[in-house]
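Since the structure comes first, as structure tokens, the remarks are kept for the end.
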Amino acid sequence: MSPTTCCACDKPIEGEVIALGQRAYCATCYAKVVRNRRGLWWSSLAQVLILVAFVVLVEVVVGVAKPQLQGAGLVLVGIILALVPAILWLVFFYGLDYREPEPKQLVLGVFLLGALLARAVGIPLIEDVFRAPEWLARTTLVHILGAILVVGITQQFLIYAAVRYTVYRAAEFDERVDGIIYTVAAALGYATMVNIAYVVQSGGVDLVSGMIRITVTALALASFGGLSGYFLGRCKFEDEPLWWMPVGLILASVLDGLFTYARGEITTTALSLAGGGYNPWPGLILGAVVALITFGALFYLILRIQRRWPQPGPASVAEGGK
């Protein structure tokens, strides 16, 4: 009888075979699949708190210095601020998840692909094909449905596609939690391009309200991207039904759409240095709370799955080749 092949590394299994449904793992790959990277969760928490602190710092600096920025200078500062959330996220992720981080080139590649898909497909589809900005806020019901069916589905599918059709089959995608890591990177790339487009189209942003909108967008898309990544990671390493991933995408899209609606209701829309419109701070609080709750839920789900996955033993182990 030929040796059993590990579904993760595609190598013949010598010794014990750990069976999960119809899938067989060698001991090494199984240990990687079920490993819980606590550094990821600490990195996510640190990122949320530091981004909030950064916005507060910008508020203090603007309040004290009262910079007079106009035209190209204001746009340039806005673009730089749009890059800050992604840079901080990646830096703190690698600083805290130092034992076995994902290859930097893959994470960066997925990040850039997420940005490219936003610029080439997502933004034109939402703004030019569906023309969502022209009709989205007509009524509350239209706003909610449009935000989910047009904005949410478009954004979440492109973020999912940036991972599913690239690194999903790579050897480095060898843990359930990698789905979260790579989709968060793709979501941050997508959010960065959305934020840059917002700055450029507006001709510049208020240094406080604009920074809050940018930060809230990055936090939210990273959170929802991580949620779809959880479903994607389980699809690769567990025998999930065909409806599993579509349900994950729909859930992430609904949350994305509801968040888009809520952000439009409670955050400022003013684009001048003089400010105005709604109070922007509730939007920052909303973004931070959404991110913390989403990543907290993901952490709980990972731990819950880990407790019910079988460990090597008579019930789950067979001798390879026998």
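The chains in the structure tokens are called A, B, ... from first to last as shown; in each chain the residues are counted from 1, and the ligands are counted from 1 in the order shown.
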Once you count only C-alpha atoms, what closest atom pair and distance in Å to one decimal does each residue of region 144-188 of chain A within 6 Å of region 222-229 of chain A have, with rows by chain and rising residue number, as a tab-separated table?
```
residue	atom	partner	partner_atom	distance
A:Gly179	CA	A:Gly229	CA	4.3
A:Ile180	CA	A:Gly229	CA	4.2
A:Thr183	CA	A:Gly225	CA	5.2
A:Val184	CA	A:Ala222	CA	4.8
A:Ala187	CA	A:Ala222	CA	5.2
A:Leu188	CA	A:Ala222	CA	5.8
```
Filtering to C-alpha atoms, could you give me those residues as a PDB file, in the first residue's frame?
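Saved to result15.pdb:
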```pdb
ATOM      1  CA  GLY A 179      -5.795  33.542   5.912  1.00  0.00           C
ATOM      2  CA  ILE A 180      -6.305  36.393   8.368  1.00  0.00           C
ATOM      3  CA  THR A 183      -6.476  39.250   3.851  1.00  0.00           C
ATOM      4  CA  VAL A 184      -5.663  41.975   6.381  1.00  0.00           C
ATOM      5  CA  ALA A 187      -7.556  45.007   2.917  1.00  0.00           C
ATOM      6  CA  LEU A 188      -4.989  47.565   4.065  1.00  0.00           C
TER       7      LEU A 188
END
```
Counting only C-alpha atoms, which residues of region 201-264 of chain A sit at most 12 Å from some atom of region 6-11 of chain A, and what is each one's closest atom pair with its distance in Å to one decimal, listed by chain and rising residue number, as JSON lines?
```
{"residue": "A:Lys236", "atom": "CA", "partner": "A:Ala8", "partner_atom": "CA", "distance": 9.0}
{"residue": "A:Phe237", "atom": "CA", "partner": "A:Ala8", "partner_atom": "CA", "distance": 7.9}
{"residue": "A:Glu238", "atom": "CA", "partner": "A:Cys7", "partner_atom": "CA", "distance": 10.4}
{"residue": "A:Asp239", "atom": "CA", "partner": "A:Cys7", "partner_atom": "CA", "distance": 11.6}
```
task = Determine the nearest neighbour of Thr140 (chain A) from the options A:Leu207, A:Glu16, A:Leu258, A:Leu298, counting only C-alpha atoms.
result =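 Distance minimum relative to Thr140 (chain A) lands on A:Leu258.
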For this session: Enumerate, as a ChimeraX atom specification, the complete set of residues in region 66-173 of chain A that a backbone-based DSSP assignment places in alpha helix (DSSP H).
Result: /A:71-96,104-117,123-124,132-135,140-146,153-164
Next on the checklist: Using only C-alpha atoms, which protein or nucleic acid residues come within 10 Å of Tyr168 (chain A)? Drop anything in the same chain fewer than 6 positions from it, and give the result as a ChimeraX atom specification.
Outcome noted: /A:161-162,174,178-179,182,232-233,236
Hey, can you spit out that residue selection with C-alpha atoms as an mmCIF file, in the first residue's frame?
```cif
data_model
loop_
_atom_site.group_PDB
_atom_site.id
_atom_site.type_symbol
_atom_site.label_atom_id
_atom_site.label_comp_id
_atom_site.auth_asym_id
_atom_site.auth_seq_id
_atom_site.Cartn_x
_atom_site.Cartn_y
_atom_site.Cartn_z
ATOM 1 C CA ALA A 161 -9.652 37.543 -4.613
ATOM 2 C CA ALA A 162 -6.302 39.202 -3.905
ATOM 3 C CA ASP A 174 0.490 26.733 5.952
ATOM 4 C CA ASP A 178 -2.441 32.898 7.531
ATOM 5 C CA GLY A 179 -5.795 33.542 5.912
ATOM 6 C CA TYR A 182 -2.917 37.924 4.134
ATOM 7 C CA LEU A 232 -10.644 31.288 3.884
ATOM 8 C CA GLY A 233 -8.142 29.692 6.273
ATOM 9 C CA LYS A 236 -8.012 25.388 3.060
#
```
request  = Would you please work out which residue, of A:Leu255, A:Met193, A:Ala185, A:Ile212, is nearest to Leu51 (chain A) when using only C-alpha atoms?
outcome  =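 Using only C-alpha atoms, the shortest distance to Leu51 (chain A) belongs to A:Ile212.
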Exercise for the section: Have a look at A:Ala186, A:Ala191, A:Val77, A:Val107 and name the one nearest to Ile123 (chain A); count only C-alpha atoms. Expected result: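 Closest residue, counting only C-alpha atoms: A:Ala191.
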TODO: For Thr215 (chain A), list every protein, DNA or RNA residue within 10 Å, evaluated using only C-alpha atoms, and leave out those in the same chain fewer than 2 positions away; present the list as a list in words.
DONE: Val48, Leu51, Val52, Phe54, Val55, Leu81, Ala82, Leu83, Val84, Pro85, Ala86, Ala191, Thr192, Asn195, Ser209, Gly210, Met211, Ile212, Arg213, Thr217, Ala218, Leu219, Ala220, Gly283, Leu284, Gly287 and Ala288 of chain A
Dump of C-alpha atoms for the selected residues, as a compact mmCIF listing (two decimals), in the first residue's frame:
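Resulting contents of result17.txt:
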```txt
# COMPACT_ATOMS: atom_id res chain seq x y z
CA VAL A 48 -5.71 49.97 16.90
CA LEU A 51 -3.64 54.62 15.36
CA VAL A 52 -6.07 56.21 17.82
CA PHE A 54 -1.75 59.05 16.31
CA VAL A 55 -5.03 60.77 15.46
CA LEU A 81 -1.45 60.49 6.18
CA ALA A 82 -3.34 57.94 4.05
CA LEU A 83 -0.23 55.74 4.07
CA VAL A 84 0.28 55.93 7.82
CA PRO A 85 -2.26 53.24 8.92
CA ALA A 86 -0.83 50.63 6.55
CA ALA A 191 -8.07 50.94 2.12
CA THR A 192 -4.90 52.89 1.35
CA ASN A 195 -8.06 56.89 1.15
CA SER A 209 -11.51 65.13 10.29
CA GLY A 210 -9.71 63.81 7.20
CA MET A 211 -7.25 61.82 9.32
CA ILE A 212 -10.12 60.35 11.30
CA ARG A 213 -11.91 59.22 8.14
CA THR A 217 -11.56 53.26 6.86
CA ALA A 218 -8.29 51.38 7.39
CA LEU A 219 -9.38 49.89 10.71
CA ALA A 220 -12.74 48.77 9.37
CA GLY A 283 -16.37 57.94 13.78
CA LEU A 284 -12.92 57.23 15.24
CA GLY A 287 -13.75 52.34 13.88
CA ALA A 288 -11.70 51.38 16.93
```
Identify, on the basis of only C-alpha atoms, every residue whose closest approach to region 245-254 of chain A does not exceed 6 Å; exclude the query and any residue fewer than 4 positions from it along the same chain; express the result as an MDAnalysis selection string. chainID A and resid 148 152:153 156 224 228 231
Which residue, A:Val62, A:Leu117, A:Cys26, A:Leu76, has the smallest gap to Val208 (chain A) when you use only C-alpha atoms?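 Among the listed residues, the smallest separation from Val208 (chain A) belongs to A:Val62.
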Would you kindly return, as a list of chain:residue names, each protein, DNA or RNA residue with an atom no farther than 9 Å from any atom of Leu286 (chain A), considering only C-alpha atoms and excluding same-chain residues fewer than 3 positions away?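 Result of the neighbour search: A:Val216, A:Phe259, A:Ala262, A:Arg263, A:Trp281, A:Pro282, A:Gly283, A:Val289, A:Val290, A:Ala291.
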If you run DSSP on the backbone here, which positions in region 20-219 of chain A get strand (DSSP E)? Please write them as a PyMOL selection string.
chain A and resi 20+23-25
What separates CA of Ile126 (chain A) and CA of Thr154 (chain A) is a distance of 7.7 Å
